[in-house]
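Raw contents of structure-v5.txt, compact mmCIF, C-alpha atoms and all ligand atoms:
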# COMPACT_ATOMS: atom_id res chain seq x y z
CA MET O 14 93.00 109.13 118.82
CA THR O 15 96.25 108.07 117.16
CA ARG O 16 99.07 110.61 117.59
CA THR O 17 100.82 111.24 114.25
CA ALA O 18 103.65 113.42 112.95
CA VAL O 19 105.15 114.14 109.53
CA ILE O 20 108.90 114.33 108.87
CA GLY O 21 109.66 116.22 105.64
CA VAL O 22 106.97 118.75 104.70
CA GLY O 23 107.96 119.46 101.09
CA SER O 24 105.61 118.85 98.19
CA MET O 25 104.35 115.37 99.22
CA GLY O 26 104.76 115.76 102.99
CA ARG O 27 102.29 118.65 103.02
CA ASN O 28 99.68 116.25 101.58
CA HIS O 29 100.30 113.85 104.50
CA VAL O 30 99.86 116.81 106.90
CA ARG O 31 96.58 117.82 105.23
CA VAL O 32 95.15 114.28 105.21
CA TYR O 33 96.08 113.55 108.85
CA SER O 34 94.48 116.88 109.81
CA GLU O 35 91.27 115.82 108.05
CA MET O 36 91.02 112.37 109.70
CA PRO O 37 88.62 112.27 112.66
CA ASP O 38 90.41 109.56 114.66
CA VAL O 39 93.90 111.06 114.28
CA GLU O 40 95.70 113.85 116.10
CA LEU O 41 98.56 115.49 114.19
CA VAL O 42 100.99 116.44 116.96
CA ALA O 43 104.01 117.93 115.10
CA VAL O 44 105.76 118.56 111.79
CA VAL O 45 109.48 118.42 111.03
CA ASP O 46 111.60 119.73 108.19
CA ALA O 47 115.34 120.29 107.83
CA ASP O 48 114.35 123.72 106.51
CA PRO O 49 113.21 125.50 109.71
CA ALA O 50 111.31 128.26 107.87
CA LEU O 51 109.30 125.68 105.93
CA ALA O 52 108.65 123.63 109.11
CA ASP O 53 107.47 126.80 110.90
CA SER O 54 105.09 127.89 108.15
CA VAL O 55 103.52 124.40 107.84
CA GLY O 56 103.35 124.08 111.65
CA LYS O 57 101.62 127.46 111.98
CA ALA O 58 99.10 126.66 109.24
CA SER O 59 98.25 123.34 110.95
CA HIS O 60 98.40 124.72 114.53
CA VAL O 61 101.05 122.20 115.67
CA PRO O 62 104.64 122.60 116.92
CA ALA O 63 107.39 122.62 114.26
CA TYR O 64 110.86 121.10 114.59
CA ASP O 65 113.96 120.86 112.42
CA ASP O 66 115.26 117.75 114.24
CA TYR O 67 113.09 114.63 114.14
CA ARG O 68 114.78 112.96 117.13
CA GLU O 69 113.97 115.93 119.33
CA MET O 70 110.40 115.98 118.01
CA ILE O 71 109.85 112.29 118.87
CA GLU O 72 111.36 112.63 122.34
CA ARG O 73 109.17 115.64 123.16
CA GLU O 74 105.89 114.91 121.35
CA ARG O 75 105.80 111.09 121.57
CA PRO O 76 103.83 110.37 118.35
CA GLU O 77 102.77 106.74 117.78
CA ALA O 78 102.72 106.84 113.97
CA VAL O 79 105.07 108.88 111.79
CA SER O 80 105.13 109.62 108.06
CA VAL O 81 108.65 109.87 106.62
CA VAL O 82 108.47 112.05 103.50
CA VAL O 83 112.09 113.13 103.04
CA PRO O 84 114.02 112.66 99.75
CA THR O 85 114.49 109.00 98.76
CA SER O 86 118.22 108.92 99.57
CA LEU O 87 117.31 109.61 103.25
CA HIS O 88 114.40 107.14 103.61
CA TYR O 89 116.49 104.36 105.12
CA ARG O 90 118.34 106.48 107.70
CA VAL O 91 115.30 108.42 108.89
CA ALA O 92 112.86 105.46 108.83
CA LYS O 93 115.34 103.26 110.77
CA ASP O 94 115.89 105.96 113.42
CA VAL O 95 112.15 106.50 113.79
CA LEU O 96 111.49 102.76 114.20
CA GLU O 97 114.28 102.52 116.77
CA LEU O 98 112.71 105.42 118.66
CA GLY O 99 109.58 103.23 118.96
CA CYS O 100 107.19 104.69 116.35
CA HIS O 101 105.20 102.94 113.62
CA VAL O 102 106.44 104.18 110.22
CA MET O 103 104.78 105.13 106.96
CA VAL O 104 107.68 105.84 104.59
CA GLU O 105 107.15 107.18 101.09
CA LYS O 106 108.12 105.05 98.10
CA PRO O 107 110.63 103.75 97.17
CA ILE O 108 111.20 102.13 100.57
CA ALA O 109 114.97 102.82 100.46
CA SER O 110 117.84 103.31 98.00
CA THR O 111 119.00 99.68 97.90
CA ALA O 112 117.40 96.26 98.43
CA GLY O 113 119.82 95.61 101.32
CA GLU O 114 118.63 98.74 103.14
CA ALA O 115 115.00 97.77 102.43
CA TYR O 116 115.58 94.34 103.94
CA GLU O 117 117.12 95.89 107.07
CA LEU O 118 114.09 98.16 107.49
CA VAL O 119 111.68 95.26 107.09
CA ARG O 120 113.56 93.16 109.62
CA ALA O 121 113.87 96.07 112.06
CA ALA O 122 110.10 96.70 111.94
CA GLU O 123 109.29 92.98 112.28
CA GLY O 124 111.77 92.58 115.16
CA LEU O 125 110.37 95.59 117.01
CA GLY O 126 106.72 94.60 116.32
CA LEU O 127 106.04 97.93 114.62
CA ALA O 128 104.08 98.64 111.44
CA LEU O 129 106.12 99.57 108.36
CA MET O 130 103.97 100.87 105.52
CA VAL O 131 105.43 102.11 102.25
CA GLY O 132 103.71 104.69 100.04
CA HIS O 133 102.68 102.36 97.22
CA ILE O 134 99.69 104.58 96.82
CA GLU O 135 98.33 103.11 93.58
CA ARG O 136 97.09 100.03 95.48
CA PHE O 137 94.61 102.41 97.07
CA ASN O 138 93.44 103.96 93.81
CA PRO O 139 89.73 103.02 93.66
CA ALA O 140 90.05 102.01 89.98
CA ILE O 141 92.78 99.51 90.91
CA VAL O 142 90.76 98.23 93.88
CA GLU O 143 87.81 97.61 91.51
CA LEU O 144 90.03 96.03 88.85
CA LYS O 145 91.60 93.67 91.41
CA ARG O 146 88.12 92.66 92.61
CA ARG O 147 87.09 91.83 89.04
CA LEU O 148 90.33 89.94 88.28
CA ASP O 149 89.86 87.90 91.47
CA GLN O 150 86.38 86.95 90.18
CA ASN O 151 88.13 85.67 87.03
CA GLU O 152 86.32 88.15 84.75
CA LEU O 153 89.38 88.36 82.45
CA GLY O 154 90.47 84.71 82.49
CA ARG O 155 94.20 84.13 82.12
CA ILE O 156 96.29 87.33 82.03
CA PHE O 157 98.53 87.58 78.96
CA GLN O 158 100.04 91.04 79.28
CA VAL O 159 100.19 94.10 81.55
CA HIS O 160 101.25 97.44 80.08
CA ALA O 161 101.96 100.47 82.28
CA ARG O 162 102.50 104.01 81.01
CA ARG O 163 103.64 106.64 83.52
CA LEU O 164 104.70 109.64 81.47
CA GLY O 165 104.88 113.32 82.26
CA PRO O 166 106.84 116.54 82.52
CA PHE O 167 110.12 117.10 84.28
CA PRO O 168 109.99 117.37 88.15
CA THR O 169 112.68 119.96 88.92
CA ARG O 170 112.75 119.12 92.66
CA ILE O 171 113.85 115.47 92.29
CA GLN O 172 117.64 115.35 92.12
CA ASP O 173 118.66 112.28 94.11
CA VAL O 174 117.18 109.47 91.96
CA GLY O 175 116.39 108.80 88.30
CA VAL O 176 112.97 108.26 86.76
CA ILE O 177 113.08 104.48 87.11
CA MET O 178 113.77 104.57 90.87
CA ASP O 179 111.24 107.38 91.36
CA LEU O 180 108.29 105.96 89.44
CA ALA O 181 108.76 102.30 88.44
CA PRO O 182 108.14 100.95 92.00
CA HIS O 183 104.46 101.95 91.59
CA ASP O 184 103.98 99.92 88.40
CA LEU O 185 106.07 96.93 89.46
CA ASP O 186 104.10 96.70 92.71
CA ILE O 187 100.76 96.92 90.90
CA MET O 188 101.80 94.32 88.30
CA ARG O 189 102.76 91.81 91.03
CA TYR O 190 99.56 92.58 92.92
CA LEU O 191 97.27 92.09 89.92
CA THR O 192 98.95 89.04 88.38
CA GLY O 193 99.65 87.40 91.75
CA SER O 194 102.87 86.19 90.17
CA GLU O 195 106.58 86.91 90.67
CA VAL O 196 108.98 88.29 88.05
CA SER O 197 111.65 85.88 86.90
CA ARG O 198 113.36 87.77 84.05
CA VAL O 199 113.89 91.43 83.12
CA HIS O 200 115.18 93.55 80.27
CA ALA O 201 115.44 97.35 80.18
CA GLU O 202 116.68 100.38 78.29
CA THR O 203 117.26 103.69 80.09
CA LYS O 204 118.42 107.05 78.75
CA ARG O 205 119.33 110.48 80.12
CA ILE O 206 118.08 113.19 77.78
CA LEU O 207 117.34 116.40 79.74
CA HIS O 208 118.27 115.67 83.34
CA GLU O 209 121.80 116.73 84.34
CA THR O 210 122.70 113.59 86.28
CA GLN O 211 119.86 111.05 86.22
CA ASP O 212 118.07 108.85 83.68
CA ASP O 213 114.83 110.45 82.53
CA MET O 214 113.53 107.82 80.06
CA PHE O 215 112.93 104.13 80.70
CA VAL O 216 111.38 101.19 78.90
CA GLY O 217 111.31 97.86 80.73
CA LEU O 218 110.12 94.34 80.02
CA VAL O 219 109.39 91.81 82.73
CA ARG O 220 108.42 88.14 82.47
CA PHE O 221 106.27 86.67 85.22
CA ASP O 222 106.53 83.08 86.51
CA ASP O 223 103.04 82.35 85.15
CA GLY O 224 104.13 83.42 81.65
CA ALA O 225 102.47 86.87 81.59
CA LEU O 226 104.56 89.72 80.16
CA GLY O 227 104.79 93.20 81.66
CA MET O 228 105.87 96.30 79.83
CA LEU O 229 106.71 99.62 81.50
CA GLU O 230 107.08 102.95 79.69
CA ILE O 231 108.12 105.68 82.07
CA ASN O 232 109.61 109.13 81.50
CA TRP O 233 109.94 112.75 82.62
CA LEU O 234 109.81 113.96 79.01
CA THR O 235 106.18 113.87 77.89
CA PRO O 236 104.55 117.33 78.07
CA THR O 237 101.32 115.93 79.54
CA LYS O 238 100.76 113.65 82.51
CA ILE O 239 99.69 110.11 81.52
CA ARG O 240 99.13 107.39 84.13
CA GLU O 241 97.59 104.35 82.50
CA LEU O 242 97.49 100.58 82.88
CA CYS O 243 96.16 97.99 80.42
CA VAL O 244 95.67 94.35 81.42
CA THR O 245 95.02 92.02 78.48
CA GLY O 246 93.72 88.48 78.95
CA GLU O 247 91.51 85.76 77.54
CA ARG O 248 88.23 87.68 77.66
CA GLY O 249 89.47 91.12 76.66
CA MET O 250 91.34 94.06 78.12
CA PHE O 251 90.88 96.23 81.21
CA ARG O 252 92.18 99.81 81.06
CA VAL O 253 92.73 102.01 84.12
CA ASN O 254 93.25 105.75 84.06
CA TYR O 255 94.92 106.35 87.43
CA ILE O 256 94.38 110.11 87.28
CA THR O 257 90.64 110.10 86.61
CA GLN O 258 90.16 106.79 88.48
CA ASP O 259 88.25 105.37 85.50
CA LEU O 260 88.03 101.66 84.69
CA PHE O 261 87.11 100.39 81.21
CA PHE O 262 86.67 96.89 79.82
CA TYR O 263 87.13 96.09 76.10
CA GLU O 264 85.45 92.78 75.52
CA ASN O 265 86.89 90.11 73.25
CA ALA O 266 83.66 89.25 71.40
CA ALA O 267 85.04 85.89 70.36
CA THR O 268 84.83 84.69 73.97
CA ASN O 269 81.50 86.08 75.12
CA ASP O 270 79.20 83.24 74.10
CA SER O 271 81.00 80.21 75.41
CA GLY O 272 81.37 78.86 78.90
CA TRP O 273 84.48 76.96 77.87
CA PRO O 274 87.44 79.34 77.47
CA THR O 275 89.64 76.88 75.56
CA ILE O 276 87.12 76.60 72.72
CA SER O 277 86.54 80.36 72.76
CA LEU O 278 90.24 81.08 72.45
CA ILE O 279 90.56 78.96 69.33
CA ARG O 280 88.11 81.39 67.70
CA GLY O 281 90.63 84.19 68.20
CA VAL O 282 90.10 87.81 69.15
CA SER O 283 87.54 90.26 67.86
CA GLU O 284 86.20 93.62 68.99
CA GLY O 285 83.23 93.54 71.35
CA MET O 286 81.46 95.82 73.79
CA VAL O 287 83.28 98.60 75.63
CA ILE O 288 82.10 99.02 79.22
CA GLN O 289 82.95 101.78 81.67
CA TYR O 290 82.48 100.41 85.17
CA PRO O 291 81.34 102.78 87.91
CA VAL O 292 84.11 103.51 90.40
CA LYS O 293 83.46 105.37 93.66
CA LYS O 294 86.21 108.01 93.68
CA LYS O 295 88.36 108.61 96.74
CA GLU O 296 91.72 110.30 97.36
CA PRO O 297 94.22 107.39 97.34
CA LEU O 298 96.41 109.05 100.01
CA ARG O 299 93.42 109.23 102.37
CA ALA O 300 92.73 105.50 101.83
CA GLU O 301 96.43 104.70 102.29
CA LEU O 302 96.80 106.66 105.53
CA GLU O 303 93.53 105.20 106.87
CA SER O 304 94.97 101.75 106.21
CA PHE O 305 98.21 102.73 107.99
CA ILE O 306 96.33 104.03 111.04
CA ALA O 307 94.20 100.84 111.07
CA CYS O 308 97.43 98.77 111.03
CA VAL O 309 98.77 100.81 113.95
CA ARG O 310 95.58 100.52 115.93
CA ASP O 311 94.85 96.84 115.23
CA ARG O 312 98.46 95.68 114.68
CA LEU O 313 97.39 94.35 111.25
CA PRO O 314 99.98 93.60 108.59
CA GLY O 315 99.69 96.54 106.18
CA VAL O 316 98.49 96.42 102.59
CA GLY O 317 101.39 97.48 100.35
CA ASN O 318 103.65 96.58 103.24
CA GLY O 319 107.39 96.52 103.68
CA ARG O 320 108.08 93.15 102.05
CA ASP O 321 106.16 94.03 98.88
CA ALA O 322 107.99 97.36 98.72
CA MET O 323 111.29 95.56 99.12
CA VAL O 324 110.49 93.26 96.18
CA ALA O 325 109.48 96.28 94.04
CA LEU O 326 112.86 97.84 94.82
CA GLU O 327 114.69 94.59 94.01
CA LEU O 328 112.96 94.62 90.63
CA VAL O 329 113.99 98.24 90.05
CA ALA O 330 117.59 97.26 90.83
CA ALA O 331 117.37 94.26 88.47
CA LEU O 332 115.99 96.45 85.66
CA MET O 333 118.74 99.04 86.18
CA GLN O 334 121.36 96.29 86.11
CA ALA O 335 119.88 94.76 82.94
CA SER O 336 120.02 98.16 81.27
CA ALA O 337 123.65 98.66 82.35
CA ASP O 338 124.55 95.15 81.16
CA GLY O 339 122.66 95.54 77.88
CA GLN O 340 121.15 92.10 78.35
CA THR O 341 118.24 90.12 79.73
CA ASN O 342 118.83 89.08 83.37
CA GLU O 343 117.29 86.52 85.71
CA VAL O 344 116.09 88.07 88.99
CA ARG O 345 117.60 86.87 92.28
CA TYR O 346 115.59 87.86 95.36
CA LEU O 347 117.32 88.59 98.68
CA ALA O 348 114.73 86.62 100.65
CA ASP O 349 115.38 83.53 98.43
CA VAL O 350 119.16 83.91 98.77
CA GLU O 351 118.84 84.20 102.55
CA SER O 352 116.51 81.20 102.93
CA ALA O 353 118.84 79.13 100.70
CA LEU O 354 121.71 79.96 103.08
CA GLN O 355 119.76 78.91 106.21
N1 LIG C 1 103.58 108.17 96.63
C1 LIG C 1 103.66 109.10 95.72
O1 LIG C 1 102.89 109.12 94.78
C2 LIG C 1 104.69 110.19 95.85
C3 LIG C 1 104.53 111.40 95.19
C4 LIG C 1 105.50 112.37 95.36
C5 LIG C 1 106.61 112.12 96.13
N2 LIG C 1 106.75 110.92 96.75
C6 LIG C 1 107.95 110.61 97.57
O2 LIG C 1 107.99 111.51 98.67
C7 LIG C 1 109.34 111.80 99.00
C8 LIG C 1 109.49 113.31 99.08
O3 LIG C 1 109.25 113.87 97.80
P1 LIG C 1 108.83 115.40 97.62
O4 LIG C 1 108.45 115.54 96.23
O5 LIG C 1 107.90 115.81 98.70
O6 LIG C 1 110.26 116.11 97.87
P2 LIG C 1 110.54 117.58 98.42
O7 LIG C 1 111.95 117.86 98.10
O8 LIG C 1 109.46 118.51 97.97
O9 LIG C 1 110.38 117.44 100.02
C9 LIG C 1 111.30 116.78 100.84
C10 LIG C 1 111.41 117.58 102.14
O10 LIG C 1 112.21 116.84 103.08
C11 LIG C 1 112.98 117.79 103.81
N3 LIG C 1 114.12 117.10 104.45
C12 LIG C 1 115.29 116.71 103.92
N4 LIG C 1 116.05 116.11 104.84
C13 LIG C 1 115.35 116.11 106.00
C14 LIG C 1 115.61 115.65 107.32
N5 LIG C 1 116.75 115.03 107.64
N6 LIG C 1 114.67 115.86 108.27
C15 LIG C 1 113.51 116.49 107.98
N7 LIG C 1 113.21 116.98 106.74
C16 LIG C 1 114.12 116.77 105.77
C17 LIG C 1 113.38 118.81 102.78
O11 LIG C 1 113.79 120.03 103.39
C18 LIG C 1 112.10 118.94 101.96
O12 LIG C 1 111.25 119.98 102.45
C19 LIG C 1 110.21 111.15 97.92
O13 LIG C 1 110.75 109.96 98.40
C20 LIG C 1 109.24 110.83 96.80
O14 LIG C 1 109.60 109.65 96.10
C21 LIG C 1 105.81 109.97 96.63

Please lay out the structure from this file as structure tokens.
Amino acid sequence: MTRTAVIGVGSMGRNHVRVYSEMPDVELVAVVDADPALADSVGKASHVPAYDDYREMIERERPEAVSVVVPTSLHYRVAKDVLELGCHVMVEKPIASTAGEAYELVRAAEGLGLALMVGHIERFNPAIVELKRRLDQNELGRIFQVHARRLGPFPTRIQDVGVIMDLAPHDLDIMRYLTGSEVSRVHAETKRILHETQDDMFVGLVRFDDGALGMLEINWLTPTKIRELCVTGERGMFRVNYITQDLFFYENAATNDSGWPTISLIRGVSEGMVIQYPVKKKEPLRAELESFIACVRDRLPGVGNGRDAMVALELVAALMQASADGQTNEVRYLADVESALQ
């Protein structure tokens, strides 16, 4: 049994508590929240001790694996303390508030030999898992374009970050994962329309090293929740609905009768069959936390691990800077800068 605890039992933290409680090989040993009444009520419902101080909880309960689900501005401080107290960490996305903090967390975890997982939950969405499997089998051919739409109503509880920092890490991480390529150039426009202090509308463009283009449309303004990804390539287009976990393929009929893609491409693009692939549905958080516990138990490097999360945050920072500058910017990665200095 792996001993786990959850720090921060607000909206998302309560899901971590529920999923750990449902896992057969895991023992939830405590919950923590800065709001003692909330900690108590979640602790009582889960039959575990409740704390309002995470240091005290770790010293008394000695969990091996801890979920950090506090507001984003506190991720770095709390995750660093928890690592230094000797626990494996699963921190919600985004990994931290700045790329520098993210890098420190990654190095701390690597130095201490502890797992650092970040809540890039979409990697565990069964529709994405199936899409990645099909892309790896070269079913699409060369990828031309990836288009992510993450639109929805206003989340009143998020005050410490804007929509780009809150949601874009998901799409940037998935785009890197699916294309297997790094972003070299970014352009972005952000706007604040309803939120009192933070941007609530974002459109971003990214160019990958292999030439593919990514487009991100993200807001807190659309009165219905849309979570969609389209990947267009030589043989057609895949479309994922993250919410329903559905995967569709729109075939480019001009390529379906030739074994030689170059010839097929010259024929152009025309509408072909539409296929809905079967996807075995599963709660992504359950798959993510199972992967975290497997990392803890087997000391495996995690999927959606710290370094990928750090790169996603660096891309968020680059997009925010490009929007502030009103221009297209090249991306400079911390890891590249550091290795150039060595
Ligand atoms: N992966 C996902 O899809 C996903 C979805 C939702 C939220 N999140 C992330 O989860 C994090 C939390 O979001 P939320 O919506 O649950 O916020 P929330 O405000 O509902 O909950 C945060 C909780 O942390 C508590 N807290 C604050 N400081 C603390 C401290 N020092 N010690 C212990 N508890 C403390 C607060 O009292 C609150 O109950 C955010 O970083 C968010 O980005 C991720």

Exercise for the section: Kindly indicate which residue among O:Leu328, O:Ala109, O:Met214, O:Val44 lies nearest to Gly132 of chain O, using all atoms listed in the file for the distances. Expected result: O:Ala109

Handout entry: Contact residues around Asp48 of chain O with all atoms listed in the file at 12 Å, ignoring same-chain residues under 5 positions, as a ChimeraX atom specification
Key = /O:20-23,53-55,63-67,83

Would you write out those residues with C-alpha atoms, as a PDB file, in the frame of the given file?
ATOM      1  CA  ILE O  20     108.900 114.330 108.870  1.00  0.00           C
ATOM      2  CA  GLY O  21     109.660 116.220 105.640  1.00  0.00           C
ATOM      3  CA  VAL O  22     106.970 118.750 104.700  1.00  0.00           C
ATOM      4  CA  GLY O  23     107.960 119.460 101.090  1.00  0.00           C
ATOM      5  CA  ASP O  53     107.470 126.800 110.900  1.00  0.00           C
ATOM      6  CA  SER O  54     105.090 127.890 108.150  1.00  0.00           C
ATOM      7  CA  VAL O  55     103.520 124.400 107.840  1.00  0.00           C
ATOM      8  CA  ALA O  63     107.390 122.620 114.260  1.00  0.00           C
ATOM      9  CA  TYR O  64     110.860 121.100 114.590  1.00  0.00           C
ATOM     10  CA  ASP O  65     113.960 120.860 112.420  1.00  0.00           C
ATOM     11  CA  ASP O  66     115.260 117.750 114.240  1.00  0.00           C
ATOM     12  CA  TYR O  67     113.090 114.630 114.140  1.00  0.00           C
ATOM     13  CA  VAL O  83     112.090 113.130 103.040  1.00  0.00           C
TER      14      VAL O  83
END

Please return as a short mmCIF file (atom, residue, chain, number, x, y, z; two decimals) with C-alpha atoms, keeping the file's coordinate frame the residues found within 9 Å of ligand LIG 1 (chain C), counting all atoms listed in the file.
data_model
loop_
_atom_site.label_atom_id
_atom_site.label_comp_id
_atom_site.auth_asym_id
_atom_site.auth_seq_id
_atom_site.Cartn_x
_atom_site.Cartn_y
_atom_site.Cartn_z
CA VAL O 19 105.15 114.14 109.53
CA ILE O 20 108.90 114.33 108.87
CA GLY O 21 109.66 116.22 105.64
CA VAL O 22 106.97 118.75 104.70
CA GLY O 23 107.96 119.46 101.09
CA SER O 24 105.61 118.85 98.19
CA MET O 25 104.35 115.37 99.22
CA GLY O 26 104.76 115.76 102.99
CA ARG O 27 102.29 118.65 103.02
CA ASN O 28 99.68 116.25 101.58
CA VAL O 44 105.76 118.56 111.79
CA VAL O 45 109.48 118.42 111.03
CA ASP O 46 111.60 119.73 108.19
CA ALA O 47 115.34 120.29 107.83
CA ASP O 48 114.35 123.72 106.51
CA PRO O 49 113.21 125.50 109.71
CA LEU O 51 109.30 125.68 105.93
CA ALA O 52 108.65 123.63 109.11
CA TYR O 64 110.86 121.10 114.59
CA ASP O 65 113.96 120.86 112.42
CA ASP O 66 115.26 117.75 114.24
CA TYR O 67 113.09 114.63 114.14
CA VAL O 81 108.65 109.87 106.62
CA VAL O 82 108.47 112.05 103.50
CA VAL O 83 112.09 113.13 103.04
CA PRO O 84 114.02 112.66 99.75
CA THR O 85 114.49 109.00 98.76
CA SER O 86 118.22 108.92 99.57
CA LEU O 87 117.31 109.61 103.25
CA HIS O 88 114.40 107.14 103.61
CA ARG O 90 118.34 106.48 107.70
CA VAL O 91 115.30 108.42 108.89
CA VAL O 104 107.68 105.84 104.59
CA GLU O 105 107.15 107.18 101.09
CA LYS O 106 108.12 105.05 98.10
CA PRO O 107 110.63 103.75 97.17
CA ILE O 108 111.20 102.13 100.57
CA ALA O 109 114.97 102.82 100.46
CA VAL O 131 105.43 102.11 102.25
CA GLY O 132 103.71 104.69 100.04
CA HIS O 133 102.68 102.36 97.22
CA ILE O 134 99.69 104.58 96.82
CA GLU O 135 98.33 103.11 93.58
CA PRO O 168 109.99 117.37 88.15
CA ARG O 170 112.75 119.12 92.66
CA ILE O 171 113.85 115.47 92.29
CA GLN O 172 117.64 115.35 92.12
CA VAL O 174 117.18 109.47 91.96
CA MET O 178 113.77 104.57 90.87
CA ASP O 179 111.24 107.38 91.36
CA LEU O 180 108.29 105.96 89.44
CA HIS O 183 104.46 101.95 91.59
CA LEU O 298 96.41 109.05 100.01
#

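Interatomic distance, atom CA of Ala337 of chain O to atom CA of Asp184 of chain O: 20.6 Å.
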
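Atom CA of Gln289 of chain O is positioned 21.3 Å from atom CA of Met188 of chain O.
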
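Counting all atoms listed in the file and comparing O:Arg320, O:Asp259, O:Arg248, O:Arg68, the residue that lies closest to Gly281 of chain O is O:Arg248.
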
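Closest approach to Val39 of chain O among O:Ala322, O:Ile177, O:Ile306, O:Val61 is made by O:Ile306 (distances from all atoms listed in the file).
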
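One distance worth recording is that between atom CA of Arg120 of chain O and atom CA of Glu77 of chain O, which is 19.2 Å.
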
Since the input has fewer atoms than a full residue there, write segment 125-144 of chain O out with N, CA and C atoms, as an mmCIF file, keeping the file's coordinate frame.
data_model
loop_
_atom_site.group_PDB
_atom_site.id
_atom_site.type_symbol
_atom_site.label_atom_id
_atom_site.label_comp_id
_atom_site.auth_asym_id
_atom_site.auth_seq_id
_atom_site.Cartn_x
_atom_site.Cartn_y
_atom_site.Cartn_z
ATOM 1 N N LEU O 125 110.871 94.680 115.980
ATOM 2 C CA LEU O 125 110.370 95.590 117.010
ATOM 3 C C LEU O 125 108.846 95.496 117.166
ATOM 4 N N GLY O 126 108.193 94.728 116.263
ATOM 5 C CA GLY O 126 106.720 94.600 116.320
ATOM 6 C C GLY O 126 106.012 95.885 115.938
ATOM 7 N N LEU O 127 106.636 96.654 115.037
ATOM 8 C CA LEU O 127 106.040 97.930 114.620
ATOM 9 C C LEU O 127 105.570 97.829 113.170
ATOM 10 N N ALA O 128 104.560 98.631 112.819
ATOM 11 C CA ALA O 128 104.080 98.640 111.440
ATOM 12 C C ALA O 128 105.066 99.395 110.556
ATOM 13 N N LEU O 129 105.318 98.855 109.374
ATOM 14 C CA LEU O 129 106.120 99.570 108.360
ATOM 15 C C LEU O 129 105.293 99.570 107.084
ATOM 16 N N MET O 130 104.736 100.726 106.757
ATOM 17 C CA MET O 130 103.970 100.870 105.520
ATOM 18 C C MET O 130 104.816 101.681 104.552
ATOM 19 N N VAL O 131 104.694 101.374 103.272
ATOM 20 C CA VAL O 131 105.430 102.110 102.250
ATOM 21 C C VAL O 131 104.412 102.709 101.282
ATOM 22 N N GLY O 132 104.690 103.921 100.811
ATOM 23 C CA GLY O 132 103.710 104.690 100.040
ATOM 24 C C GLY O 132 103.432 104.181 98.636
ATOM 25 N N HIS O 133 103.089 102.884 98.528
ATOM 26 C CA HIS O 133 102.680 102.360 97.220
ATOM 27 C C HIS O 133 101.208 102.705 97.022
ATOM 28 N N ILE O 134 101.007 103.972 96.750
ATOM 29 C CA ILE O 134 99.690 104.580 96.820
ATOM 30 C C ILE O 134 98.714 104.050 95.774
ATOM 31 N N GLU O 135 99.241 103.541 94.655
ATOM 32 C CA GLU O 135 98.330 103.110 93.580
ATOM 33 C C GLU O 135 97.481 101.915 93.991
ATOM 34 N N ARG O 136 97.924 101.140 94.998
ATOM 35 C CA ARG O 136 97.090 100.030 95.480
ATOM 36 C C ARG O 136 95.781 100.551 96.069
ATOM 37 N N PHE O 137 95.793 101.826 96.442
ATOM 38 C CA PHE O 137 94.610 102.410 97.070
ATOM 39 C C PHE O 137 93.796 103.241 96.094
ATOM 40 N N ASN O 138 94.227 103.267 94.827
ATOM 41 C CA ASN O 138 93.440 103.960 93.810
ATOM 42 C C ASN O 138 92.152 103.156 93.596
ATOM 43 N N PRO O 139 90.985 103.780 93.740
ATOM 44 C CA PRO O 139 89.730 103.020 93.660
ATOM 45 C C PRO O 139 89.579 102.244 92.333
ATOM 46 N N ALA O 140 90.157 102.745 91.257
ATOM 47 C CA ALA O 140 90.050 102.010 89.980
ATOM 48 C C ALA O 140 90.859 100.711 90.045
ATOM 49 N N ILE O 141 91.981 100.732 90.743
ATOM 50 C CA ILE O 141 92.780 99.510 90.910
ATOM 51 C C ILE O 141 92.082 98.545 91.870
ATOM 52 N N VAL O 142 91.490 99.084 92.917
ATOM 53 C CA VAL O 142 90.760 98.230 93.880
ATOM 54 C C VAL O 142 89.635 97.488 93.137
ATOM 55 N N GLU O 143 88.910 98.215 92.266
ATOM 56 C CA GLU O 143 87.810 97.610 91.510
ATOM 57 C C GLU O 143 88.334 96.596 90.483
ATOM 58 N N LEU O 144 89.437 96.958 89.825
ATOM 59 C CA LEU O 144 90.030 96.030 88.850
ATOM 60 C C LEU O 144 90.462 94.739 89.549
#
